[in-house]
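> Please read through the structure below; I'll follow up with questions.
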Amino acid sequence: MTGKGKHAEDKATSTKSASALRQWAEDIAGEGAVVSPETLAALSSEDILRLLQELRVHQIELRMQNDELRRIQEELADARTRYFDLYDLAPVGYCVLSEQGLILEANLTAAGLLNVALGALVKQPITRFILKEDGDIYYHHRKRLFETGEPQTSELRMTRNEGTPFWARLDATAAQAADGAPICRVVMSDLTNAKQAEWALQESEARFRDLYNLAPVAFVSVDVDNGTLTRFNEMLPRLLGADPETLRRMKGLDLYADTPDGLPKAKGLFERIAAGETVQDVELQMKRADGGVIWVSFSASPVFDADGRVTRSRSAIVDITKRKALEEQLRQALKMEAVGQLTSGLAHDLNNSLAVISINVDLLNLVAADNPKATRHIEAALNGVRRAAALTRKLLDFSRIEAGETHRVQINEFVTGMEDLIARSLTPAIALQIVQSEKPWSVDISPGDFEAALLNLALNARDAMPDGGTLVIETANKVLDEFYVAHNPGSSVGEFVMVSVSDTGTGMTPDVVAKAFEPFFTTKDVGEGTGLGLSTVHAFVRRSGGHVTIYSEPGEGSTIHLYLPRTGGEAKDAMGRPAAGTNLPHGDETILVVDDEDALVETAVTVLTALGYRTLAATDGRRALDILRDDPSIDLLFSDIIMPNGVDGYRLATEALKTRPELKVLLTSGFTRKRKEFANEDRAIAADLARDLLPKPYNIAELANAVRRALDRTTETSG
């Protein structure tokens with residue numbers, strides 16, 4: 001008998017309880033024991049029946065347990081199948097790497113990403129599929145993973161089996177294999193589409209940023225609650241001539257001029273925007289950093305938060321200063337045309353009436369020839385008629401649209417011929433200087449009209465210098481290009497003879513300059529002038545196909561430029577530019593451009609930059625001195641003469657040369673070169689600078705040549 005059987009028999013003989021029989025039955029079934037006949041004989045029939053019953057129950061229970069085990073095994077097999085389906089068909093690749101980087105296990109997605117059969121992928125080094133240039137990225141993250149145990153994420157370029165590159169993201173975690181060896185589990189994601197979308201977004205954002213910053217419109221966002229500027233593009237600092245950092249500390253209303261069309265108007269607009277209203281194309285005045293005022297067209301809309309509350313305003317601001325100036329010029333032109341038509345009719349009727357009066361007074365003089373007292377009165381009446389007739393002739397000259405009989409005129413000869421007449425019309429305290437171009441072009445003009453215009457200008461200059469001064473008449477050939485025309489509305493591209501008349505008199509304020517060519521406008525006392533002098537000059541030049549400009553500063557004097565078209569002369573090409581192939585002088589030096597007119601600064605900087613120079617800019621003398629002090633690399637100071645804030649071009653140059661004697665200086669002015677020389681002949685440095693003056697207006701070629709000459713000349717001014 002076996003040990004198991006003996007154990008079962010001992011249990012059977014030791015007790016006949018139900019629990020004992022049940023345990024004995026389980027032992028027999030579980031241990032597979034063999035019960036001897038003697039043991040069975042020792043049992044009662046009742047115990048045997050009970051034992052058999054327990055064995056049947058246990059058999060049923062075992063069958064049920066076996067069924068449950070089979071069901072669990074089937075579920076486990078199904079779950080394993082589902083797991084591997086999910087594992088292999090996951091949208092990302094999974095692989096297990098050894099510490100040396102060998103692929104121990106991978107899913108189908110990983111194999112598909114690398115375009116390798118799943119079986120062939122195992123035991124391959126992962127570095128085989130990493131672009132050499134990005135290998136350091138992989139090694140760096142693998143080293144950190146096994147040294148620190150911290151999960152690592154890297155983005156690098158991988159290659160498929162056939163060599164096609166793609167962007168991938170690897171998320172790695174440290175683990176241990178069943179044998180305790182260190183391994184890492186890697187999730188591999190294809191980032192190619194995401195990278196392309198990222199690059200497309202970056203490109204789109206760059207395009208938007210370029211459009212946002214390069215647009216000729218200032219875009220500004222203002223916080224409604226505190227009024228601060230929350231965002232603006234690069235156009236706003238350019239528009240206002242302000243430093244971006246300064247603007248960021250300002251409030252929206254600080255940008256507007258303290259004029260009726262500035263701050264009060266802007267306050268009302270911001271209140272409307274805060275109430276949820278959109279405003280469009282409102283004309284406002286803004287203030288520049290240099291104190292100047294510009295006109296802008298203002299459009300804005302409110303920005304709402306999720307609760308429907310207005311949080312900020314979003315505005316678009318367009319500089320319309322030039323447009324306003326053009327509109328004013330158009331109004332002036334239309335007014336001049338209307339006045340001319342009215343004047344023509346009045347002068348014609350007045351001439352007829354004067355003819356009747358003159359004839360009848362002459363007849364009356366014959367009748368009263370023997371009456372001396374009557375004759376004196378008649379002669380006074382005739383003098384009045386003659387003066388009225390002279391006035392009507394001026395009115396007719398002003399209103400005449402077409403030029404009178406024209407002749408080909410050599411300007412130098414004509415001006416020389418008038419020198420004595422002009423000199424006699426001046427006071428002894430006024431010096432006359434005539435500076436002529438060596439080879440002036442010819443012009444087709446009415447000699448009588450030109451003589452009257454030049455004499456009118458000389459007389460006006462005389463009246464502006466009651467205490468004496470200098471009158472300078474200059475002639476020069478001028479080629480006007482797009483650069484000039486863009487800043488002088490009413491002018492045209494082409495070749496012209498320029499006649500300039502400059503004085504050192506009282507000068508004119510901007511509002512007087514704006515009205516100077518209007519008929520009957522005069523600053524003289526009643527009875528001292530008709531107000532037709534400059535208007536007839538303007539009419540003559542326009543009839544001749546040219547244009548006229550005034551440059552004047554109170555206390556500095558005035559310069560009037562007459563531009564008369566060259567006879568038969570056309571621009572060198574259709575746009576008035578130098579012929580193709582003409583090389584303008586260029587360089588790589590550093591130039592500081594200083595002018596209180598932003599448009600001139602901007603265009604000069606554009607031209608000089610295109611010629612290869614490095615440029616800096618300032619809109620007043622004090623700022624220019626700061627820049628000169630901070631930047632020793634500046635080779636040339638190119639500055640306007642008349643500027644605000646107490647530092648004009650001469651003082652700026654003088655102060656700069658004290659500390660920088662090697663600095664080259666080129667000054668520019670609307671006054672002519674000789675006019676500035678005579679005005680400053682008592683100041684050696686100023687006179688020296690004036691002799692090299694670049695007169696305004698200048699074209700691109702004149703600017704390029706003057707700058708190059710200034711840079712190339714030997715520095716003597718400081719001496």
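Identifiers for the structure tokens are assigned positionally: chains receive A, B, ... in sequence, residues are indexed from 1 per chain, and ligands are indexed from 1 in the order shown.
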Report as a PyMOL selection string all protein, DNA and RNA residues lying within 8 Å of Leu102 of chain A, evaluated on only C-alpha atoms, omitting residues in the same chain fewer than 3 positions from it.
chain A and resi 97-99+122-126
> I need the residues from that last selection saved to file as a CSV table (one decimal), in the first residue's frame (with N, CA, C and O atoms), if you can.

chain,number,residue,atom,x,y,z
A,97,LEU,N,14.3,48.6,-27.1
A,97,LEU,CA,15.7,48.7,-27.4
A,97,LEU,C,16.6,48.2,-26.3
A,97,LEU,O,16.2,48.4,-25.1
A,98,SER,N,17.7,47.5,-26.6
A,98,SER,CA,18.6,47.1,-25.6
A,98,SER,C,19.4,48.3,-25.2
A,98,SER,O,19.3,49.4,-25.8
A,99,GLU,N,20.2,48.2,-24.2
A,99,GLU,CA,21.1,49.3,-23.7
A,99,GLU,C,22.0,49.7,-24.8
A,99,GLU,O,22.4,50.9,-24.9
A,122,VAL,N,14.0,43.2,-36.2
A,122,VAL,CA,14.6,42.8,-34.9
A,122,VAL,C,16.1,42.6,-35.0
A,122,VAL,O,16.6,42.1,-36.1
A,123,LYS,N,16.8,43.0,-34.0
A,123,LYS,CA,18.3,42.9,-33.9
A,123,LYS,C,19.0,43.9,-34.8
A,123,LYS,O,20.3,44.0,-34.8
A,124,GLN,N,18.2,44.8,-35.4
A,124,GLN,CA,18.9,45.9,-36.2
A,124,GLN,C,19.2,47.0,-35.2
A,124,GLN,O,18.4,47.3,-34.3
A,125,PRO,N,20.3,47.8,-35.4
A,125,PRO,CA,20.6,48.9,-34.5
A,125,PRO,C,19.7,50.1,-34.9
A,125,PRO,O,19.5,50.4,-36.1
A,126,ILE,N,19.1,50.7,-34.0
A,126,ILE,CA,18.2,51.9,-34.3
A,126,ILE,C,18.9,53.0,-35.0
A,126,ILE,O,18.3,53.7,-35.8
> Applying 9 Å and only C-alpha atoms, which residues near segment 248-257 of chain A remain after dropping the ones on its own chain fewer than 3 positions away? List them as a PyMOL selection string.
chain A and resi 220-223+226-232+240+243-245+260-264+266-267+270+284-288+291-294
> Keeping only N, CA, C and O atoms, write those residues as a tab-separated table (two decimals), in the first residue's frame.

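Contents of again_33.tsv, as written:
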chain	number	residue	atom	x	y	z
A	220	VAL	N	-2.74	99.95	-34.53
A	220	VAL	CA	-2.56	100.24	-33.11
A	220	VAL	C	-3.70	99.61	-32.31
A	220	VAL	O	-4.87	99.72	-32.70
A	221	SER	N	-3.37	98.95	-31.21
A	221	SER	CA	-4.36	98.44	-30.26
A	221	SER	C	-4.22	99.19	-28.95
A	221	SER	O	-3.09	99.38	-28.45
A	222	VAL	N	-5.35	99.61	-28.39
A	222	VAL	CA	-5.35	100.39	-27.15
A	222	VAL	C	-6.26	99.72	-26.14
A	222	VAL	O	-7.40	99.35	-26.47
A	223	ASP	N	-5.78	99.54	-24.91
A	223	ASP	CA	-6.59	98.97	-23.84
A	223	ASP	C	-7.66	99.99	-23.43
A	223	ASP	O	-7.34	101.14	-23.11
A	226	ASN	N	-7.39	101.14	-19.34
A	226	ASN	CA	-6.35	102.07	-18.87
A	226	ASN	C	-5.77	102.94	-19.98
A	226	ASN	O	-4.91	103.78	-19.72
A	227	GLY	N	-6.22	102.74	-21.21
A	227	GLY	CA	-5.80	103.61	-22.31
A	227	GLY	C	-4.40	103.39	-22.83
A	227	GLY	O	-3.92	104.16	-23.67
A	228	THR	N	-3.69	102.33	-22.36
A	228	THR	CA	-2.31	102.11	-22.79
A	228	THR	C	-2.27	101.44	-24.16
A	228	THR	O	-3.22	100.76	-24.58
A	229	LEU	N	-1.14	101.62	-24.84
A	229	LEU	CA	-0.92	100.96	-26.13
A	229	LEU	C	-0.53	99.51	-25.85
A	229	LEU	O	0.49	99.25	-25.21
A	230	THR	N	-1.31	98.57	-26.34
A	230	THR	CA	-1.01	97.16	-26.10
A	230	THR	C	-0.23	96.54	-27.25
A	230	THR	O	0.48	95.57	-27.06
A	231	ARG	N	-0.38	97.12	-28.44
A	231	ARG	CA	0.34	96.58	-29.59
A	231	ARG	C	0.33	97.61	-30.71
A	231	ARG	O	-0.64	98.34	-30.88
A	232	PHE	N	1.43	97.64	-31.49
A	232	PHE	CA	1.46	98.49	-32.68
A	232	PHE	C	2.53	97.94	-33.62
A	232	PHE	O	3.44	97.23	-33.21
A	240	LEU	N	5.47	108.68	-36.52
A	240	LEU	CA	5.59	109.72	-35.51
A	240	LEU	C	7.04	110.10	-35.21
A	240	LEU	O	7.29	110.99	-34.39
A	243	ASP	N	10.65	106.71	-30.73
A	243	ASP	CA	11.28	105.46	-30.34
A	243	ASP	C	10.21	104.47	-29.88
A	243	ASP	O	9.31	104.83	-29.12
A	244	PRO	N	10.26	103.20	-30.36
A	244	PRO	CA	9.24	102.21	-29.96
A	244	PRO	C	9.10	102.05	-28.46
A	244	PRO	O	7.99	101.90	-27.94
A	245	GLU	N	10.23	102.07	-27.74
A	245	GLU	CA	10.16	101.91	-26.28
A	245	GLU	C	9.42	103.07	-25.64
A	245	GLU	O	8.67	102.89	-24.67
A	260	PRO	N	-7.64	121.58	-32.29
A	260	PRO	CA	-9.07	121.24	-32.40
A	260	PRO	C	-9.32	119.95	-33.15
A	260	PRO	O	-10.29	119.23	-32.87
A	261	ASP	N	-8.45	119.62	-34.13
A	261	ASP	CA	-8.61	118.39	-34.90
A	261	ASP	C	-7.77	117.25	-34.34
A	261	ASP	O	-7.61	116.22	-35.01
A	262	GLY	N	-7.25	117.41	-33.13
A	262	GLY	CA	-6.41	116.40	-32.54
A	262	GLY	C	-7.03	115.76	-31.32
A	262	GLY	O	-7.97	114.97	-31.41
A	263	LEU	N	-6.52	116.13	-30.13
A	263	LEU	CA	-6.91	115.48	-28.88
A	263	LEU	C	-8.41	115.52	-28.60
A	263	LEU	O	-9.00	114.47	-28.27
A	264	PRO	N	-9.09	116.66	-28.69
A	264	PRO	CA	-10.53	116.66	-28.39
A	264	PRO	C	-11.32	115.71	-29.29
A	264	PRO	O	-12.22	115.00	-28.83
A	266	ALA	N	-10.09	113.06	-30.84
A	266	ALA	CA	-9.70	111.68	-30.53
A	266	ALA	C	-10.42	111.17	-29.29
A	266	ALA	O	-10.85	110.01	-29.23
A	267	LYS	N	-10.58	112.03	-28.27
A	267	LYS	CA	-11.30	111.61	-27.05
A	267	LYS	C	-12.71	111.18	-27.38
A	267	LYS	O	-13.20	110.14	-26.90
A	270	PHE	N	-12.66	107.71	-29.09
A	270	PHE	CA	-12.40	106.58	-28.19
A	270	PHE	C	-13.61	106.29	-27.30
A	270	PHE	O	-13.86	105.14	-26.93
A	284	LEU	N	-7.82	113.22	-38.44
A	284	LEU	CA	-7.33	113.70	-37.15
A	284	LEU	C	-5.92	114.25	-37.32
A	284	LEU	O	-5.25	113.98	-38.33
A	285	GLN	N	-5.47	114.97	-36.32
A	285	GLN	CA	-4.09	115.44	-36.30
A	285	GLN	C	-3.34	114.75	-35.16
A	285	GLN	O	-3.78	114.75	-34.02
A	286	MET	N	-2.20	114.15	-35.51
A	286	MET	CA	-1.34	113.50	-34.52
A	286	MET	C	-0.06	114.32	-34.37
A	286	MET	O	0.29	115.10	-35.25
A	287	LYS	N	0.61	114.13	-33.24
A	287	LYS	CA	1.84	114.89	-33.01
A	287	LYS	C	3.05	113.98	-33.14
A	287	LYS	O	3.05	112.84	-32.69
A	288	ARG	N	4.07	114.49	-33.79
A	288	ARG	CA	5.31	113.77	-33.96
A	288	ARG	C	6.24	114.02	-32.76
A	288	ARG	O	6.04	114.94	-31.99
A	291	GLY	N	7.69	117.44	-32.41
A	291	GLY	CA	6.77	118.54	-32.19
A	291	GLY	C	5.91	118.88	-33.39
A	291	GLY	O	5.00	119.71	-33.29
A	292	GLY	N	6.21	118.28	-34.54
A	292	GLY	CA	5.42	118.54	-35.74
A	292	GLY	C	4.04	117.90	-35.65
A	292	GLY	O	3.77	117.04	-34.81
A	293	VAL	N	3.16	118.33	-36.54
A	293	VAL	CA	1.79	117.82	-36.58
A	293	VAL	C	1.53	117.22	-37.96
A	293	VAL	O	1.93	117.80	-38.98
A	294	ILE	N	0.91	116.05	-37.99
A	294	ILE	CA	0.57	115.42	-39.26
A	294	ILE	C	-0.93	115.11	-39.29
A	294	ILE	O	-1.57	114.95	-38.25
> Find the spatial neighbours of segment 461-467 of chain A, counting only C-alpha atoms, within a cut-off of 9 Å - ignore same-chain residues fewer than 4 positions away - and output them as a compact mmCIF listing (two decimals) with C-alpha atoms, in the first residue's frame.

# COMPACT_ATOMS: atom_id res chain seq x y z
CA SER A 425 15.51 149.58 -58.65
CA LEU A 426 17.26 148.61 -55.39
CA THR A 427 18.32 150.86 -52.51
CA ALA A 429 22.12 149.48 -48.95
CA ILE A 430 21.33 146.36 -51.01
CA ASN A 456 8.76 142.01 -59.73
CA LEU A 457 10.86 139.55 -57.72
CA LEU A 471 20.03 140.11 -53.47
CA VAL A 501 16.10 135.05 -56.70
CA SER A 502 17.26 135.12 -53.05
CA ASP A 503 17.26 137.84 -50.44
CA THR A 504 18.50 138.20 -46.86
CA GLY A 505 15.35 139.98 -45.76
CA THR A 506 12.64 139.41 -43.19
CA GLY A 507 11.42 136.12 -44.65
CA LYS A 524 2.24 145.64 -47.36
CA GLY A 557 15.11 135.62 -46.00
CA SER A 558 13.47 134.02 -49.03
> Any idea what's packed within 6 Å of segment 405-417 of chain A, counting only C-alpha atoms, ignoring anything in its chain fewer than 5 positions away? Could you give it as a PyMOL selection string?
chain A and resi 442-446
> Quick one: pull the distance between atom CA of Leu628 of chain A and atom CA of Arg713 of chain A, Å, one decimal.
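So the answer is 20.2 Å.
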